[in-house]
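Novice: Input input_2.txt, format and content: compact mmCIF, C-alpha atoms.
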# COMPACT_ATOMS: atom_id res chain seq x y z
CA MET A 1 43.26 24.30 -38.37
CA PRO A 2 41.17 21.11 -37.95
CA ILE A 3 38.17 21.30 -35.63
CA THR A 4 38.40 18.91 -32.68
CA ASP A 5 35.31 20.19 -30.84
CA ALA A 6 33.40 17.22 -29.36
CA ALA A 7 29.94 18.41 -30.42
CA ALA A 8 31.05 19.02 -34.01
CA ARG A 9 32.67 15.58 -34.08
CA ARG A 10 29.50 13.86 -32.78
CA GLU A 11 27.37 15.54 -35.43
CA ALA A 12 29.81 14.71 -38.25
CA ILE A 13 30.03 11.06 -37.19
CA ALA A 14 26.24 10.79 -37.04
CA ASP A 15 25.96 12.15 -40.60
CA TYR A 16 28.09 9.31 -41.96
CA ARG A 17 25.98 6.53 -40.38
CA ILE A 18 29.05 4.30 -40.33
CA VAL A 19 29.14 3.29 -36.65
CA GLY A 20 27.31 -0.01 -36.19
CA ALA A 21 26.79 -0.46 -39.94
CA PRO A 22 28.07 -3.45 -41.94
CA ALA A 23 31.72 -3.16 -43.00
CA GLU A 24 32.28 -0.80 -45.93
CA PRO A 25 34.30 -2.74 -48.56
CA ASN A 26 36.00 0.39 -49.91
CA LEU A 27 37.28 1.29 -46.44
CA GLU A 28 38.53 -2.25 -45.92
CA GLY A 29 40.35 -1.98 -49.24
CA LEU A 30 42.06 1.21 -48.10
CA ALA A 31 43.11 -0.43 -44.83
CA ALA A 32 44.58 -3.38 -46.75
CA LEU A 33 46.44 -1.01 -49.10
CA ALA A 34 47.86 0.84 -46.08
CA THR A 35 49.36 -2.38 -44.69
CA THR A 36 50.97 -3.11 -48.05
CA LEU A 37 52.39 0.39 -48.58
CA CYS A 38 53.70 0.70 -45.02
CA HIS A 39 54.94 -2.92 -44.73
CA VAL A 40 53.07 -3.60 -41.49
CA SER A 41 50.84 -6.40 -40.19
CA GLY A 42 47.73 -4.38 -39.38
CA ALA A 43 45.72 -1.26 -40.16
CA ALA A 44 42.40 0.21 -39.05
CA VAL A 45 40.02 3.01 -39.98
CA ASN A 46 38.96 4.36 -36.60
CA ILE A 47 35.99 6.58 -35.75
CA ILE A 48 36.39 8.17 -32.33
CA ASP A 49 33.59 9.83 -30.37
CA ASP A 50 33.39 11.01 -26.75
CA ARG A 51 33.39 7.49 -25.29
CA TYR A 52 34.58 4.90 -27.76
CA GLN A 53 36.88 4.08 -30.64
CA TYR A 54 35.14 2.13 -33.40
CA GLN A 55 37.27 0.20 -35.88
CA VAL A 56 34.91 0.49 -38.85
CA ALA A 57 37.36 -1.18 -41.25
CA THR A 58 40.48 -3.23 -40.60
CA ALA A 59 43.19 -5.32 -42.28
CA GLY A 60 45.24 -7.94 -40.50
CA VAL A 61 43.12 -7.82 -37.32
CA ASP A 62 39.46 -8.27 -36.42
CA ALA A 63 37.44 -5.06 -36.09
CA ALA A 64 36.67 -4.13 -32.47
CA ILE A 65 35.39 -1.37 -30.22
CA CYS A 66 37.33 -0.04 -27.25
CA ASP A 67 36.94 2.69 -24.67
CA ARG A 68 38.33 6.02 -25.80
CA ASP A 69 40.68 5.96 -22.80
CA ASP A 70 42.28 2.76 -24.14
CA SER A 71 42.70 4.09 -27.68
CA MET A 72 46.15 4.97 -28.96
CA CYS A 73 44.63 7.06 -31.74
CA ALA A 74 42.56 9.12 -29.27
CA VAL A 75 45.85 10.29 -27.71
CA VAL A 76 46.99 11.95 -30.94
CA LEU A 77 43.56 12.96 -32.33
CA PRO A 78 43.50 16.41 -30.63
CA ASP A 79 46.57 17.41 -32.68
CA ALA A 80 44.90 16.12 -35.89
CA ARG A 81 48.19 15.52 -37.71
CA HIS A 82 50.21 12.63 -39.08
CA VAL A 83 52.37 10.89 -36.48
CA TRP A 84 54.55 7.79 -36.33
CA VAL A 85 56.34 6.12 -33.45
CA ALA A 86 59.16 3.65 -33.98
CA ASP A 87 58.59 1.85 -30.65
CA ALA A 88 55.47 2.68 -28.65
CA SER A 89 56.76 0.83 -25.58
CA VAL A 90 59.35 3.55 -24.95
CA ASP A 91 57.11 6.49 -25.89
CA ASP A 92 55.67 8.35 -22.88
CA ARG A 93 52.29 8.72 -24.62
CA PHE A 94 51.81 5.00 -25.20
CA ALA A 95 54.07 2.99 -22.88
CA GLU A 96 51.21 2.24 -20.44
CA ASN A 97 48.53 1.79 -23.10
CA PRO A 98 46.80 -1.64 -22.98
CA PHE A 99 47.42 -2.12 -26.71
CA VAL A 100 51.15 -1.85 -25.94
CA THR A 101 51.49 -3.54 -22.53
CA GLY A 102 49.94 -6.82 -23.60
CA ALA A 103 46.54 -6.31 -21.95
CA ARG A 104 44.98 -5.89 -25.40
CA GLY A 105 47.95 -6.15 -27.74
CA ARG A 106 51.69 -5.74 -28.10
CA VAL A 107 51.96 -2.86 -30.54
CA ARG A 108 55.45 -1.50 -31.09
CA PHE A 109 55.45 0.39 -34.37
CA TYR A 110 52.51 2.81 -34.73
CA ALA A 111 51.58 5.50 -37.27
CA SER A 112 48.37 7.34 -38.06
CA SER A 113 46.88 10.09 -40.19
CA PRO A 114 43.72 11.97 -39.16
CA LEU A 115 40.35 11.66 -40.88
CA ILE A 116 39.30 15.27 -41.45
CA THR A 117 35.91 16.01 -43.00
CA PRO A 118 35.43 18.67 -45.70
CA ALA A 119 34.11 20.94 -42.94
CA GLY A 120 37.43 20.54 -41.11
CA VAL A 121 36.26 18.24 -38.31
CA ALA A 122 38.66 15.52 -37.09
CA ILE A 123 36.56 12.38 -36.56
CA GLY A 124 39.19 9.64 -36.28
CA THR A 125 42.27 8.15 -37.89
CA LEU A 126 43.66 5.71 -40.38
CA CYS A 127 46.37 3.93 -38.41
CA VAL A 128 48.93 1.22 -39.15
CA PHE A 129 50.79 -0.87 -36.58
CA ASP A 130 53.06 -3.83 -36.05
CA ASP A 131 54.40 -5.94 -33.17
CA HIS A 132 57.97 -4.97 -33.84
CA ALA A 133 59.68 -1.59 -34.07
CA GLY A 134 59.76 0.10 -37.45
CA THR A 135 59.80 3.33 -39.37
CA LEU A 136 58.16 5.14 -42.29
CA THR A 137 59.82 6.85 -45.20
CA ALA A 138 58.64 10.29 -46.25
CA GLU A 139 56.89 8.66 -49.21
CA GLN A 140 55.07 6.19 -46.95
CA SER A 141 53.99 9.00 -44.63
CA SER A 142 52.59 10.91 -47.59
CA ALA A 143 50.84 7.77 -48.83
CA LEU A 144 49.17 7.26 -45.42
CA ASP A 145 47.91 10.86 -45.50
CA LEU A 146 46.51 10.30 -49.00
CA LEU A 147 44.77 7.10 -47.96
CA ALA A 148 43.21 8.88 -44.96
CA GLY A 149 41.88 11.50 -47.35
CA GLN A 150 40.46 8.77 -49.56
CA ALA A 151 38.76 7.21 -46.52
CA VAL A 152 36.98 10.50 -45.90
CA GLU A 153 35.94 10.61 -49.57
CA VAL A 154 34.38 7.15 -49.14
CA LEU A 155 32.50 8.39 -46.08
CA GLU A 156 31.34 11.49 -47.96
CA LEU A 157 30.05 9.36 -50.83
CA ARG A 158 28.24 7.21 -48.30
CA ARG A 159 26.65 10.31 -46.73
CA LEU A 160 25.57 11.73 -50.09
CA THR A 161 24.07 8.38 -51.13
CA HIS A 162 22.00 8.26 -47.95
CA GLU A 163 20.88 11.87 -48.45
CA LEU A 164 19.83 11.12 -52.03
CA GLU A 165 17.85 8.07 -50.94
CA ARG A 166 16.16 10.08 -48.22
CA SER A 167 15.48 12.94 -50.62
CA ASN A 168 13.81 10.58 -53.10
CA ASP A 169 11.68 9.05 -50.35
CA GLN A 170 10.71 12.51 -49.13
CA LEU A 171 9.85 13.65 -52.66
CA ALA A 172 7.44 10.74 -53.12
CA HIS A 173 5.86 11.45 -49.73
CA PHE A 174 5.79 15.18 -50.50
CA ALA A 175 3.88 14.70 -53.77
CA GLY A 176 1.29 12.47 -52.15
CA GLN A 177 0.81 14.72 -49.15
CA ILE A 178 0.53 17.88 -51.23
CA SER A 179 -2.11 16.27 -53.42
CA HIS A 180 -4.08 15.35 -50.31
CA ASP A 181 -3.65 18.60 -48.40
CA LEU A 182 -4.46 20.91 -51.32
CA ARG A 183 -7.46 18.82 -52.35
CA ASN A 184 -9.15 19.29 -48.96
CA PRO A 185 -9.49 23.10 -49.02
CA LEU A 186 -10.23 23.00 -52.75
CA THR A 187 -13.11 20.57 -52.16
CA ALA A 188 -14.38 22.74 -49.31
CA LEU A 189 -14.11 25.84 -51.49
CA MET A 190 -16.08 24.26 -54.32
CA GLY A 191 -18.73 22.91 -51.94
CA GLN A 192 -19.29 26.27 -50.26
CA ILE A 193 -19.53 28.04 -53.61
CA ASP A 194 -22.23 25.54 -54.65
CA LEU A 195 -24.10 26.25 -51.40
CA ALA A 196 -23.79 29.99 -51.99
CA LEU A 197 -25.21 29.60 -55.50
CA ASP A 198 -28.09 27.54 -54.12
CA GLY A 199 -28.78 30.27 -51.57
CA VAL A 200 -28.79 32.92 -54.29
CA ASP A 201 -31.17 30.84 -56.42
CA ASP A 202 -33.49 30.36 -53.42
CA GLY A 203 -33.33 34.02 -52.44
CA ASP A 204 -31.71 33.13 -49.09
CA GLY A 205 -29.10 35.90 -48.71
CA SER A 206 -27.92 34.88 -45.24
CA ARG A 207 -27.25 31.32 -46.40
CA ALA A 208 -25.29 32.61 -49.40
CA THR A 209 -23.30 35.02 -47.23
CA HIS A 210 -22.42 32.30 -44.73
CA ALA A 211 -21.31 29.95 -47.51
CA LEU A 212 -19.18 32.66 -49.11
CA HIS A 213 -17.44 33.36 -45.81
CA ARG A 214 -16.64 29.65 -45.50
CA ALA A 215 -15.38 29.65 -49.09
CA ASP A 216 -13.16 32.64 -48.34
CA ALA A 217 -11.65 30.83 -45.33
CA ALA A 218 -10.94 27.75 -47.47
CA ALA A 219 -9.29 29.91 -50.11
CA ALA A 220 -7.16 31.58 -47.41
CA ARG A 221 -5.98 28.18 -46.17
CA MET A 222 -5.03 27.21 -49.69
CA ASN A 223 -3.16 30.49 -50.13
CA VAL A 224 -1.12 29.80 -46.99
CA MET A 225 -0.26 26.32 -48.29
CA ILE A 226 0.81 27.61 -51.68
CA THR A 227 2.89 30.37 -50.07
CA GLU A 228 4.70 27.83 -47.89
CA LEU A 229 5.30 25.54 -50.85
CA LEU A 230 6.77 28.35 -52.93
CA ALA A 231 9.01 29.45 -50.07
CA TYR A 232 10.29 25.90 -49.64
CA ALA A 233 10.91 25.52 -53.38
CA ARG A 234 12.75 28.84 -53.62
CA VAL A 235 15.05 28.01 -50.72
CA GLY A 236 15.75 24.58 -52.20
CA GLY A 237 17.06 26.13 -55.39
CA ALA A 238 18.94 29.01 -53.82
CA GLU A 239 22.69 29.26 -53.42
CA ALA A 240 23.78 30.96 -50.24
CA ARG A 241 25.50 34.28 -50.86
CA ARG A 242 28.31 35.30 -48.54
CA GLU A 243 28.44 38.80 -47.17
CA ARG A 244 29.20 40.33 -43.80
CA VAL A 245 26.08 41.77 -42.18
CA ALA A 246 25.33 43.22 -38.76
CA LEU A 247 23.31 40.72 -36.75
CA GLY A 248 21.39 43.32 -34.74
CA PRO A 249 19.50 45.00 -37.61
CA LEU A 250 18.87 41.61 -39.21
CA VAL A 251 17.15 40.31 -36.07
CA GLU A 252 15.25 43.57 -35.58
CA GLY A 253 13.75 43.24 -39.07
CA VAL A 254 12.70 39.65 -38.44
CA ILE A 255 10.96 40.52 -35.16
CA ALA A 256 9.24 43.50 -36.77
CA ASP A 257 7.74 41.14 -39.35
CA LEU A 258 6.36 39.01 -36.50
CA GLU A 259 4.77 41.95 -34.69
CA ARG A 260 1.20 40.88 -35.50
CA ALA A 261 1.75 37.33 -34.21
CA VAL A 262 3.46 38.63 -31.05
CA ALA A 263 0.48 40.88 -30.32
CA ALA A 264 -2.12 38.22 -31.16
CA PHE A 265 -0.50 35.64 -28.84
CA ASP A 266 0.40 38.14 -26.09
CA ALA A 267 3.94 36.87 -26.52
CA ARG A 268 7.31 38.05 -25.28
CA ILE A 269 10.51 37.67 -27.29
CA THR A 270 13.85 38.27 -25.57
CA VAL A 271 16.95 38.75 -27.71
CA ARG A 272 20.46 38.18 -26.40
CA ILE A 273 22.97 39.22 -29.02
CA ASP A 274 25.71 41.77 -29.42
CA PRO A 275 24.14 44.21 -31.92
CA ASP A 276 27.59 45.08 -33.25
CA ASP A 277 28.46 41.47 -34.10
CA ALA A 278 28.70 40.74 -37.80
CA ILE A 279 27.96 37.37 -39.37
CA VAL A 280 29.05 36.14 -42.80
CA CYS A 281 25.95 34.70 -44.44
CA ASP A 282 23.20 35.15 -46.97
CA PRO A 283 21.12 37.74 -45.08
CA ALA A 284 17.87 36.94 -46.94
CA LEU A 285 18.12 33.23 -46.17
CA ILE A 286 19.17 33.73 -42.55
CA ALA A 287 16.24 36.12 -42.10
CA VAL A 288 13.91 33.36 -43.37
CA LEU A 289 15.59 30.90 -40.99
CA LEU A 290 15.16 33.11 -37.93
CA GLN A 291 11.59 33.99 -38.88
CA ASN A 292 10.71 30.30 -39.24
CA LEU A 293 12.24 29.38 -35.89
CA LEU A 294 10.64 32.28 -34.01
CA ALA A 295 7.24 31.83 -35.69
CA ASN A 296 7.29 28.11 -34.86
CA ALA A 297 8.11 28.85 -31.22
CA LEU A 298 5.25 31.36 -30.98
CA LYS A 299 2.76 29.10 -32.75
CA PHE A 300 3.42 25.94 -30.78
CA ALA A 301 3.57 27.65 -27.40
CA ALA A 302 0.26 29.41 -28.10
CA ALA A 303 -1.31 26.13 -29.25
CA ALA A 304 -0.33 24.63 -25.88
CA GLY A 305 -2.45 27.27 -24.16
CA VAL A 306 0.28 29.51 -22.73
CA ALA A 307 1.40 33.03 -23.49
CA PRO A 308 4.54 32.39 -25.55
CA VAL A 309 7.90 33.26 -24.04
CA VAL A 310 10.70 33.00 -26.60
CA GLU A 311 14.42 33.64 -26.17
CA LEU A 312 16.80 34.17 -29.09
CA ASP A 313 20.51 33.92 -28.34
CA ALA A 314 23.42 34.20 -30.77
CA GLN A 315 27.03 33.76 -29.69
CA ARG A 316 30.23 33.48 -31.71
CA GLY A 317 32.61 30.78 -30.45
CA PRO A 318 35.93 29.31 -31.58
CA THR A 319 34.29 26.99 -34.13
CA GLY A 320 31.61 29.38 -35.41
CA TRP A 321 28.20 30.72 -34.48
CA ALA A 322 25.79 29.09 -32.03
CA ILE A 323 22.22 30.40 -32.43
CA THR A 324 19.47 29.11 -30.16
CA VAL A 325 15.73 29.74 -30.01
CA ASP A 326 14.08 28.59 -26.76
CA ASP A 327 10.37 28.53 -25.99
CA ASN A 328 7.97 27.58 -23.21
CA GLY A 329 5.79 25.40 -25.43
CA PRO A 330 5.19 21.64 -25.29
CA GLY A 331 8.66 20.72 -26.57
CA VAL A 332 9.47 17.94 -29.03
CA ALA A 333 9.67 14.30 -27.96
CA ALA A 334 13.17 12.82 -28.30
CA GLN A 335 12.03 10.21 -30.82
CA LEU A 336 10.65 12.94 -33.11
CA ARG A 337 13.60 15.33 -33.08
CA ASP A 338 15.13 14.10 -36.31
CA ARG A 339 11.85 13.38 -38.08
CA VAL A 340 10.35 16.86 -37.69
CA PHE A 341 12.96 18.25 -40.10
CA ASP A 342 11.56 16.11 -42.92
CA ILE A 343 9.22 17.75 -45.42
CA MET A 344 5.52 17.58 -44.58
CA GLU A 345 6.31 16.18 -41.13
CA ARG A 346 4.13 17.57 -38.35
CA GLY A 347 5.24 15.30 -35.50
CA ASP A 348 2.40 15.08 -32.97
CA ALA A 349 1.10 18.62 -33.64
CA ALA A 350 -1.58 17.92 -36.23
CA ASP A 351 -3.85 20.59 -34.70
CA VAL A 352 -1.33 23.41 -35.29
CA PRO A 353 -1.79 25.32 -38.57
CA GLY A 354 0.77 24.82 -41.31
CA LEU A 355 2.12 22.27 -43.75
CA GLY A 356 5.14 21.14 -41.76
CA LEU A 357 7.62 22.89 -44.06
CA GLY A 358 9.07 25.44 -41.64
CA LEU A 359 11.73 23.21 -40.09
CA ALA A 360 12.44 21.46 -43.41
CA THR A 361 13.08 24.87 -44.97
CA SER A 362 15.22 25.87 -41.99
CA ARG A 363 17.39 22.79 -42.36
CA ARG A 364 17.95 23.48 -46.05
CA ILE A 365 19.06 27.03 -45.24
CA VAL A 366 21.44 25.87 -42.51
CA GLN A 367 22.92 23.17 -44.76
CA ALA A 368 23.38 25.71 -47.56
CA HIS A 369 25.61 27.63 -45.13
CA GLY A 370 27.59 24.51 -44.17
CA GLY A 371 25.98 24.37 -40.72
CA ARG A 372 23.84 22.07 -38.59
CA ILE A 373 20.49 22.29 -36.81
CA GLY A 374 19.03 20.20 -34.02
CA ILE A 375 16.49 20.16 -31.21
CA GLU A 376 17.15 19.95 -27.46
CA ASP A 377 15.22 20.60 -24.26
CA ALA A 378 14.94 24.27 -23.32
CA ALA A 379 15.37 25.71 -19.84
CA LEU A 380 12.03 27.43 -20.39
CA GLY A 381 10.37 24.02 -20.48
CA GLY A 382 9.78 23.74 -24.23
CA ALA A 383 12.06 23.17 -27.21
CA ARG A 384 15.45 24.62 -27.99
CA LEU A 385 16.34 24.90 -31.68
CA ARG A 386 20.13 25.00 -31.91
CA VAL A 387 21.83 26.19 -35.10
CA SER A 388 25.59 25.92 -35.62
CA LEU A 389 27.07 27.99 -38.46
CA PRO A 390 30.70 28.35 -39.51
CA SER A 391 32.24 31.70 -38.66
CA ASP A 392 33.09 32.56 -42.29
Can you present the structure in this file as C-alpha cells?
Specialist:
Amino acid sequence: MPITDAAARREAIADYRIVGAPAEPNLEGLAALATTLCHVSGAAVNIIDDRYQYQVATAGVDAAICDRDDSMCAVVLPDARHVWVADASVDDRFAENPFVTGARGRVRFYASSPLITPAGVAIGTLCVFDDHAGTLTAEQSSALDLLAGQAVEVLELRRLTHELERSNDQLAHFAGQISHDLRNPLTALMGQIDLALDGVDDGDGSRATHALHRADAAAARMNVMITELLAYARVGGAEARRERVALGPLVEGVIADLERAVAAFDARITVRIDPDDAIVCDPALIAVLLQNLLANALKFAAAAGVAPVVELDAQRGPTGWAITVDDNGPGVAAQLRDRVFDIMERGDAADVPGLGLGLATSRRIVQAHGGRIGIEDAALGGARLRVSLPSD
C-alpha cells in the first residue's frame, strides 16, 4: 500500500529538488501527451507537500502554486489511486472547490493518477482536466497510470543525476583533503624522528625519548585516519544483507564496544527499545551505524565541556523504524545539518578529533537500507540524529 505519511513525503520531495527549479522538459512532454491521449484541454504534474500544491509541469495552462486546501488533487492523494470524475460540479468532494466554482477555474471533467516513488511514497499526481464534462475509457485510464509512472522515472533520473554530480564533487574534495590531512601527521612523524636521531647522536637521551613519544602520537593519529578511511571505503562498496535480528543484543554489543569512551567521558547512555523487537537489516552495517551515532554524540558533548548524556530510542511505526540518538552537546546549526553528512565535512567542530567521515558513513549505511537520516534539535539541548528505516 502506498505511503502517505507527511514526513516521508517531505523527504521524498526534497530528494527530487524539483520544487522551485526550472521546468523539466521531459515532464512537460508527459503532460502534453496526457492531454492528447485523454482528449482534454489541460494536464499538470503536481507535487503536493503539507502546505502547497506545485504544478511543476503543465500543458494547456500556465504552471502555478496553490494552497493545499484549494487543491483538487490533494483531496484524492490520501487514497493514492487512479480516479476520474465526469462532472466535478456535482461531486461532493469537489463541488465547492475554487477550481470548480469559478474562483480559480471552472473544471468539470477531472482525472488523476498518483505519483508513487520506488519507496512507495505518494508525492503528488498527474492530472488531466477540462471545462466540460467527460469520461475516460479503460485504455485511457491505463495510459494515465503509465504516464504517471513515467513521470516518477523522470524524477528518479533527476535525483540520480544530482547524486552523481554531488558524488563527483565530493570525490574531488575528498582526494584533496586526504592528501592534506595525511601529510600533516606524516610530516610531524618524520620531523620528530629526525629530532630523535639528533638526540641519539648528541647523547641526549631525554631529547630522543621526548621526540619518539611525539612521533608515536603522530603515528597514532595517522592510524586513526587510515582506519576511518578504510571503514568508509568498505561501507561504500558493501551491499546490505537482509536478515531478521533481535535489536536488543545488537545494541548491547554496540554499547559494550563503547565502554572505554563512556568511562573516559563519565558519560551516561540511556536505551529505550523493546529488547524483543526484531529488525530486518544487515546487522554488521547497522552496528556500525549505531556505533558512529553514539560515538559522535559522546565525542561532541565531551568536547563542549559537559558529561555526555545520550539517549537511544528505537520504535517501529506503520511506515517502518524510527531510530533517534539524542545528546546534550552543542547541537548542529540549522544551516549545517545537510552539509555535515558530506565526506570530510566537520561543520564548525574543527577542534574535535576525527576526519569527518562518521556521518558520511552513516548516511551511506542508511541509504543502503532504503532509509533516510537527518538532524533535529534534541530535548536534551543538543542534536537529535533521526534515522528512518523501512520495516522489511
Novice: Determine, counting all atoms listed in the file, which protein, DNA and RNA residues have an atom within 12 Å of an atom of Asp62 (chain A); residues of the same chain fewer than 5 positions away are not included. Present the result as number ranges by chain.
Specialist: A: 23, 28, 42-45, 54-57
Novice: Hey, can you spit out that residue selection with C-alpha atoms as a PDB file, in the coordinates of the input?
Specialist:
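File produced: result26.pdb:
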ATOM      1  CA  ALA A  23      31.720  -3.160 -43.000  1.00  0.00           C
ATOM      2  CA  GLU A  28      38.530  -2.250 -45.920  1.00  0.00           C
ATOM      3  CA  GLY A  42      47.730  -4.380 -39.380  1.00  0.00           C
ATOM      4  CA  ALA A  43      45.720  -1.260 -40.160  1.00  0.00           C
ATOM      5  CA  ALA A  44      42.400   0.210 -39.050  1.00  0.00           C
ATOM      6  CA  VAL A  45      40.020   3.010 -39.980  1.00  0.00           C
ATOM      7  CA  TYR A  54      35.140   2.130 -33.400  1.00  0.00           C
ATOM      8  CA  GLN A  55      37.270   0.200 -35.880  1.00  0.00           C
ATOM      9  CA  VAL A  56      34.910   0.490 -38.850  1.00  0.00           C
ATOM     10  CA  ALA A  57      37.360  -1.180 -41.250  1.00  0.00           C
TER      11      ALA A  57
END
Novice: For each of A:Ser388, A:Thr161, A:Thr35, A:Gln53, take the minimum atom-to-atom distance to Ala111 (chain A), counting all atoms listed in the file, then give the residue where this is smallest.
Specialist: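 Ranking A:Ser388, A:Thr161, A:Thr35, A:Gln53 by distance to Ala111 (chain A), first place goes to A:Thr35.
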Novice: What's the 8 Å shell around region 130-142 of chain A, counting only C-alpha atoms, without same-chain residues fewer than 6 positions away, as an mmCIF file with C-alpha atoms, in the coordinates of the input?
Specialist:
data_model
loop_
_atom_site.group_PDB
_atom_site.id
_atom_site.type_symbol
_atom_site.label_atom_id
_atom_site.label_comp_id
_atom_site.auth_asym_id
_atom_site.auth_seq_id
_atom_site.Cartn_x
_atom_site.Cartn_y
_atom_site.Cartn_z
ATOM 1 C CA LEU A 37 52.390 0.390 -48.580
ATOM 2 C CA CYS A 38 53.700 0.700 -45.020
ATOM 3 C CA VAL A 40 53.070 -3.600 -41.490
ATOM 4 C CA SER A 41 50.840 -6.400 -40.190
ATOM 5 C CA GLY A 42 47.730 -4.380 -39.380
ATOM 6 C CA HIS A 82 50.210 12.630 -39.080
ATOM 7 C CA TRP A 84 54.550 7.790 -36.330
ATOM 8 C CA VAL A 85 56.340 6.120 -33.450
ATOM 9 C CA ALA A 86 59.160 3.650 -33.980
ATOM 10 C CA ASP A 87 58.590 1.850 -30.650
ATOM 11 C CA ARG A 106 51.690 -5.740 -28.100
ATOM 12 C CA VAL A 107 51.960 -2.860 -30.540
ATOM 13 C CA ARG A 108 55.450 -1.500 -31.090
ATOM 14 C CA PHE A 109 55.450 0.390 -34.370
ATOM 15 C CA TYR A 110 52.510 2.810 -34.730
#
Novice: Work out how far CA of Arg241 (chain A) is from CA of Ser362 (chain A), in Å to one decimal.
Specialist: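 Here the two named atoms are 16.0 Å from each other.
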Novice: One decimal, Å: what's the distance from CA of Asn296 (chain A) over to CA of Ala360 (chain A), could you say?
Specialist: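 Between CA of Asn296 (chain A) and CA of Ala360 (chain A) the gap works out to 12.0 Å.
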Novice: Nearest to Pro318 (chain A) among A:Ala208, A:Ile255, A:Ala122, A:Leu389, with distances taken over only C-alpha atoms: which residue is it?
Specialist: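 The shortest atom-to-atom distance to Pro318 (chain A) comes from A:Leu389.
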Novice: Compute the distance from (36.6, 5.5, -39.0) to each atom, counting only C-alpha atoms, keep the residues with any atom at most 10 Å away, and return them as a list in words; use the coordinates of the file.
Specialist: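 Applying the cut-off with only C-alpha atoms, one gets Ile13, Tyr16, Ile18, Val19, Leu27, Ala44, Val45, Asn46, Ile47, Ile48, Gln53, Tyr54, Gln55, Val56, Ala57, Thr58, Pro114, Leu115, Ile123, Gly124, Thr125, Leu126, Cys127, Ala148, Ala151, Val152 and Leu155 of chain A.
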Novice: Go ahead and compute the interatomic distance for CA of Arg17 (chain A) and CA of Tyr52 (chain A), in Å to one decimal.
Specialist: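 Computing it gives 15.4 Å between the two atoms.
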Novice: May I ask which of the residues A:Cys73, A:Ala88, A:Ala12, A:Leu164 is the closest one to Ile116 (chain A), counting all atoms listed in the file?
Specialist: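 Residue with the minimum atom-to-atom distance to Ile116 (chain A): A:Ala12.
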Novice: Would you mind telling me which residue in A:Gln291, A:Val262, A:Val332, A:Ala278 lies nearest to Pro308 (chain A) when using only C-alpha atoms?
Specialist: A:Val262
Novice: Using only C-alpha atoms for the distances, tell me which of A:Arg214, A:Arg81, A:Arg386, A:Arg337 is nearest to Gly191 (chain A).
Specialist: A:Arg214
Novice: Have a look at A:Gly331, A:Arg372, A:Ser112, A:Pro283 and name the one nearest to Arg9 (chain A); count all atoms listed in the file.
Specialist: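 Going through A:Gly331, A:Arg372, A:Ser112, A:Pro283 one by one, the smallest distance to Arg9 (chain A) is for A:Arg372.
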